[in-house]
Amino acid sequence: MTISYHPLGDEELVFRQAFNHHLPLLIKGPTGCGKTRFVEYMAQALKLPMWTVACNEDTSASDLVGRYILKGNETPWIDGPLTQAVRQGGICYLDEVIEARQEALVVLNALADHRRQLFIDKTNEVLHAPAHFMLVVSYNPGYQSVMRDLKESIKQRFVAVRFNYPAIELEQTIIAGESGCSLALARALANFGASSRKMAGSGLFEGVSTRMLIHAAMLMSHKTGQQNLLEAALIDPVTDEPTIRASLLALLPLVMAAVHM
Ligand SMILES: Nc1ncnc2c1ncn2[C@@H]1O[C@H](COP(=O)(O)OP(=O)(O)O)[C@@H](O)[C@H]1O
Ligand SMILES: [Mg+2]
């Protein structure tokens with residue numbers, strides 16, 4: 001199945017150039033704006049296998065590199081996703097990399113610079129990444145705090161692309177394409193998304209994402225046209241704050257009208 005992707009800017013060129021020159025890529029952007037989809041699309045375009053790791057605060061070096069696993073009387077070594085990608089060549093995509101434990105990030109140092117080496121201390125191996133290996137990481141700078149930021153020494157090893165939510169026309173195309181809804185509904189949802197993002201701040205973190213707008217279009221797909229379905233897709237996931245809820249609810253009639261167009 002071909003993966004569809006609508007470019008936001010020149011991210012494909014940056015990705016290809018980084019890949020050609022064996023440089024790792026850092027993708028920054030809010031949640032649900034197309035980062036993962038873009039990497040999946042590029043993996044397909046470059047005909048590369050892809051390993052994805054959704055990092056969280058428990059993600060350790062072993063989760064990336066591998067570990068000995070108890071199996072009956074034996075303890076065979078099992079490669080982690082990063083090691084598999086380095087051995088076989090392909091893209092290793094670490095989503096929300098900033099969440100991972102510090103010791104996991106340290107592993108990336110030698111892999112992300114000109115050495116392109118992965119040290120596996122437990123097996124005493126040093127792997128050299130092949131030309132068609134690429135490290136891609138992403139994170140949402142919105143979550144960033146002084147406590148949680150990538151070290152400057154890590155950041156500076158990467159080429160970076162900044163993502164943001166698409167402009168209204170493009171988001172309309174994406175919503176309609178992904179959900180199969182009418183262009184009128186897609187437009188109304190894109191407008192809702194843009195308005196919600198203007199309210200980002202206290203009570204609403206960064207507004208309603210492209211992903212959520214697609215969910216809303218899906219729930220509306222049979223013209224059931226129930227406002228509570230829109231609330232479930234567009235408002236309830238992201239805010240409980242009464243004033244923000246009221247402002248977002250006030251925008252729903254415009255979307256409802258488009259459902260019946
Ligand atoms: N530029 C785009 N082209 C096609 N689909 C997109 C695009 N941006 C977002 N989407 C849709 O939005 C969904 C969420 O995007 P995703 O890549 O998972 O977001 P992120 O990784 O930034 O959180 C995707 O599954 C896809 O349906
Ligand atoms: Mg993602």
# chains A, B, ... in the order shown; residues from 1 in each chain; ligands from 1
>>> residues_around(residues="Lys198 in chain A", least_positions_apart="4", cutoff="12 Å", atoms="only C-alpha atoms", output="ChimeraX atom specification")
/A:191-194,202,204-208,244,247-248
>>> closest_atom_pairs(of="chain A", to="ligand 1", cutoff="10 Å", atoms="only C-alpha atoms and all ligand atoms", output="CSV")
residue,atom,partner,partner_atom_place_in_ligand_line,distance
A:Ile3,CA,ligand 1,4 (C),8.3
A:Ser4,CA,ligand 1,4 (C),5.6
A:Tyr5,CA,ligand 1,3 (N),3.6
A:His6,CA,ligand 1,3 (N),3.9
A:Pro7,CA,ligand 1,1 (N),5.3
A:Leu8,CA,ligand 1,1 (N),6.1
A:Gly9,CA,ligand 1,1 (N),9.6
A:Ile27,CA,ligand 1,22 (O),9.0
A:Lys28,CA,ligand 1,22 (O),8.6
A:Gly29,CA,ligand 1,22 (O),6.6
A:Pro30,CA,ligand 1,22 (O),6.2
A:Thr31,CA,ligand 1,23 (O),3.9
A:Gly32,CA,ligand 1,23 (O),3.3
A:Cys33,CA,ligand 1,22 (O),4.0
A:Gly34,CA,ligand 1,17 (O),3.1
A:Lys35,CA,ligand 1,22 (O),3.7
A:Thr36,CA,ligand 1,17 (O),3.7
A:Arg37,CA,ligand 1,17 (O),3.7
A:Phe38,CA,ligand 1,17 (O),6.3
A:Val39,CA,ligand 1,17 (O),8.0
A:Glu40,CA,ligand 1,17 (O),8.4
A:Tyr41,CA,ligand 1,3 (N),9.0
A:Asp95,CA,ligand 1,21 (O),7.6
A:Glu96,CA,ligand 1,21 (O),9.1
A:Ser138,CA,ligand 1,21 (O),8.3
A:Tyr139,CA,ligand 1,22 (O),8.8
A:Asn140,CA,ligand 1,22 (O),8.4
A:Phe163,CA,ligand 1,22 (O),8.0
A:Asn164,CA,ligand 1,22 (O),8.7
A:Tyr165,CA,ligand 1,8 (N),7.8
A:Pro166,CA,ligand 1,1 (N),7.3
A:Leu170,CA,ligand 1,1 (N),8.0
A:Glu171,CA,ligand 1,8 (N),7.7
A:Thr173,CA,ligand 1,3 (N),8.6
A:Ile174,CA,ligand 1,4 (C),5.3
A:Ile175,CA,ligand 1,11 (C),7.3
A:Ala176,CA,ligand 1,5 (N),9.8
A:Gly177,CA,ligand 1,4 (C),7.7
A:Glu178,CA,ligand 1,27 (O),5.4
A:Ser179,CA,ligand 1,27 (O),8.1
A:Ser209,CA,ligand 1,14 (C),7.9
A:Thr210,CA,ligand 1,12 (O),5.3
A:Arg211,CA,ligand 1,12 (O),4.2
A:Met212,CA,ligand 1,12 (O),8.0
A:Leu213,CA,ligand 1,12 (O),8.4
A:Ile214,CA,ligand 1,27 (O),6.9
A:His215,CA,ligand 1,27 (O),9.0
>>> select_by_dssp(residues="range 112-228 of chain A", states="alpha helix (DSSP H)", output="PyMOL selection string")
chain A and resi 112+152-155+168-179+183-198+210-219+227-228
>>> write_last_selection(atoms="N, CA and C atoms", output="compact mmCIF listing (two decimals), in the first residue's frame")
# COMPACT_ATOMS: atom_id res chain seq x y z
N ALA A 112 25.43 9.20 15.88
CA ALA A 112 24.91 10.40 15.22
C ALA A 112 26.02 11.28 14.63
N GLU A 152 22.89 20.01 24.18
CA GLU A 152 23.40 20.73 23.02
C GLU A 152 24.31 19.83 22.18
N SER A 153 25.11 19.02 22.84
CA SER A 153 26.06 18.16 22.12
C SER A 153 25.34 17.13 21.25
N ILE A 154 24.16 16.72 21.68
CA ILE A 154 23.37 15.78 20.87
C ILE A 154 22.70 16.53 19.73
N LYS A 155 22.04 17.63 20.07
CA LYS A 155 21.31 18.42 19.07
C LYS A 155 22.17 18.78 17.89
N ILE A 168 -4.53 26.22 6.13
CA ILE A 168 -5.92 25.74 6.01
C ILE A 168 -6.19 24.93 4.74
N GLU A 169 -5.76 25.43 3.58
CA GLU A 169 -6.05 24.72 2.32
C GLU A 169 -5.43 23.33 2.34
N LEU A 170 -4.19 23.27 2.80
CA LEU A 170 -3.49 21.98 2.82
C LEU A 170 -4.12 21.03 3.84
N GLU A 171 -4.48 21.58 4.99
CA GLU A 171 -5.09 20.73 6.01
C GLU A 171 -6.44 20.19 5.52
N GLN A 172 -7.17 21.03 4.78
CA GLN A 172 -8.43 20.59 4.18
C GLN A 172 -8.17 19.38 3.27
N THR A 173 -7.18 19.49 2.40
CA THR A 173 -6.84 18.40 1.49
C THR A 173 -6.47 17.13 2.26
N ILE A 174 -5.68 17.30 3.34
CA ILE A 174 -5.24 16.15 4.13
C ILE A 174 -6.44 15.48 4.81
N ILE A 175 -7.31 16.30 5.42
CA ILE A 175 -8.48 15.74 6.13
C ILE A 175 -9.37 14.97 5.16
N ALA A 176 -9.66 15.60 4.01
CA ALA A 176 -10.54 14.94 3.03
C ALA A 176 -9.88 13.68 2.50
N GLY A 177 -8.58 13.75 2.23
CA GLY A 177 -7.86 12.60 1.68
C GLY A 177 -7.80 11.43 2.65
N GLU A 178 -7.57 11.74 3.92
CA GLU A 178 -7.40 10.69 4.92
C GLU A 178 -8.73 10.06 5.35
N SER A 179 -9.79 10.90 5.38
CA SER A 179 -11.06 10.40 5.92
C SER A 179 -12.07 10.07 4.83
N LEU A 183 -15.27 17.93 0.83
CA LEU A 183 -14.36 19.07 0.94
C LEU A 183 -14.94 20.15 1.85
N ALA A 184 -16.28 20.26 1.85
CA ALA A 184 -16.92 21.26 2.70
C ALA A 184 -16.67 20.96 4.18
N LEU A 185 -16.87 19.70 4.55
CA LEU A 185 -16.62 19.33 5.95
C LEU A 185 -15.15 19.47 6.29
N ALA A 186 -14.29 19.05 5.37
CA ALA A 186 -12.84 19.15 5.61
C ALA A 186 -12.44 20.61 5.84
N ARG A 187 -13.05 21.49 5.07
CA ARG A 187 -12.74 22.91 5.21
C ARG A 187 -13.20 23.44 6.56
N ALA A 188 -14.43 23.07 6.94
CA ALA A 188 -14.97 23.53 8.23
C ALA A 188 -14.10 23.02 9.38
N LEU A 189 -13.64 21.78 9.26
CA LEU A 189 -12.78 21.22 10.32
C LEU A 189 -11.42 21.92 10.34
N ALA A 190 -10.87 22.20 9.16
CA ALA A 190 -9.58 22.90 9.11
C ALA A 190 -9.72 24.28 9.75
N ASN A 191 -10.85 24.94 9.50
CA ASN A 191 -11.08 26.24 10.12
C ASN A 191 -11.19 26.11 11.64
N PHE A 192 -11.87 25.05 12.07
CA PHE A 192 -11.99 24.79 13.51
C PHE A 192 -10.60 24.60 14.11
N GLY A 193 -9.79 23.82 13.43
CA GLY A 193 -8.42 23.57 13.91
C GLY A 193 -7.64 24.87 14.05
N ALA A 194 -7.71 25.70 13.03
CA ALA A 194 -6.96 26.97 13.06
C ALA A 194 -7.45 27.84 14.22
N SER A 195 -8.78 27.91 14.42
CA SER A 195 -9.30 28.74 15.53
C SER A 195 -8.85 28.17 16.87
N SER A 196 -8.88 26.85 17.00
CA SER A 196 -8.50 26.25 18.28
C SER A 196 -7.04 26.55 18.62
N ARG A 197 -6.21 26.58 17.59
CA ARG A 197 -4.77 26.82 17.85
C ARG A 197 -4.50 28.24 18.31
N LYS A 198 -5.42 29.15 17.95
CA LYS A 198 -5.26 30.53 18.44
C LYS A 198 -5.55 30.60 19.94
N THR A 210 -4.14 17.97 13.53
CA THR A 210 -4.63 17.41 12.27
C THR A 210 -5.22 16.02 12.52
N ARG A 211 -4.52 15.23 13.35
CA ARG A 211 -5.01 13.89 13.66
C ARG A 211 -6.44 13.92 14.21
N MET A 212 -6.70 14.86 15.15
CA MET A 212 -8.04 14.94 15.76
C MET A 212 -9.08 15.38 14.75
N LEU A 213 -8.70 16.27 13.84
CA LEU A 213 -9.65 16.74 12.82
C LEU A 213 -10.05 15.58 11.92
N ILE A 214 -9.08 14.71 11.62
CA ILE A 214 -9.35 13.52 10.81
C ILE A 214 -10.30 12.58 11.56
N HIS A 215 -10.05 12.44 12.87
CA HIS A 215 -10.96 11.60 13.67
C HIS A 215 -12.39 12.14 13.60
N ALA A 216 -12.53 13.45 13.72
CA ALA A 216 -13.87 14.05 13.68
C ALA A 216 -14.53 13.75 12.34
N ALA A 217 -13.76 13.90 11.26
CA ALA A 217 -14.31 13.63 9.92
C ALA A 217 -14.76 12.17 9.83
N MET A 218 -13.98 11.29 10.43
CA MET A 218 -14.35 9.86 10.39
C MET A 218 -15.65 9.61 11.15
N LEU A 219 -15.78 10.23 12.33
CA LEU A 219 -17.00 10.01 13.12
C LEU A 219 -18.23 10.59 12.42
N GLN A 227 -23.71 16.35 17.36
CA GLN A 227 -22.73 17.25 17.94
C GLN A 227 -21.87 16.56 19.00
N ASN A 228 -22.45 15.59 19.73
CA ASN A 228 -21.63 14.96 20.79
C ASN A 228 -20.49 14.13 20.20
>>> residues_around(residues="range 61-74 of chain A", least_positions_apart="2", cutoff="10 Å", atoms="only C-alpha atoms", output="VMD selection string")
chain A and resid 53 55 58 to 59 76 to 86 92 94 100 to 108 118 to 123
>>> closest_residue(among="A:Ala233, A:Ala110, A:Val97, A:Ala258", to="ligand 2", atoms="only C-alpha atoms and all ligand atoms")
A:Val97
>>> closest_residue(among="A:Arg87, A:Tyr93, A:Pro24, A:Arg245", to="ligand 2", atoms="only C-alpha atoms and all ligand atoms")
A:Tyr93
>>> atom_distance(atom1="CA of Leu46 in chain A", atom2="CA of Arg16 in chain A")
8.5 Å
>>> atom_distance(atom1="CA of Ala131 in chain A", atom2="CA of Arg162 in chain A")
24.8 Å
>>> select_by_dssp(residues="range 71-106 of chain A", states="strand (DSSP E)", output="JSON, numbers by chain")
{"A": [77, 78, 79, 90, 91, 92, 93, 94, 95]}
>>> closest_residue(among="A:Thr52, A:Gln88, A:Thr2, A:Asn20", to="ligand 2", atoms="only C-alpha atoms and all ligand atoms")
A:Thr52
>>> closest_residue(among="A:Val259, A:Cys181, A:Asp240, A:Phe19", to="Leu48 in chain A", atoms="only C-alpha atoms")
A:Phe19
>>> atom_distance(atom1="CA of Lys47 in chain A", atom2="CA of Leu25 in chain A")
17.4 Å
>>> residues_around(residues="Ile91 in chain A", least_positions_apart="3", cutoff="6 Å", atoms="only C-alpha atoms", output="PDB file with C-alpha atoms, in the first residue's frame")
ATOM      1  CA  MET A  50      11.908   1.251   9.196  1.00  0.00           C
ATOM      2  CA  PHE A 133      21.296   3.442   7.769  1.00  0.00           C
ATOM      3  CA  MET A 134      19.664   6.663   8.950  1.00  0.00           C
ATOM      4  CA  LEU A 135      18.808   7.807  12.444  1.00  0.00           C
TER       5      LEU A 135
END
>>> closest_residue(among="A:Leu230, A:Met256, A:Val137, A:Leu249", to="ligand 2", atoms="only C-alpha atoms and all ligand atoms")
A:Val137
>>> closest_residue(among="A:Ala54, A:Met261, A:Ala200, A:Leu251", to="ligand 2", atoms="only C-alpha atoms and all ligand atoms")
A:Ala54
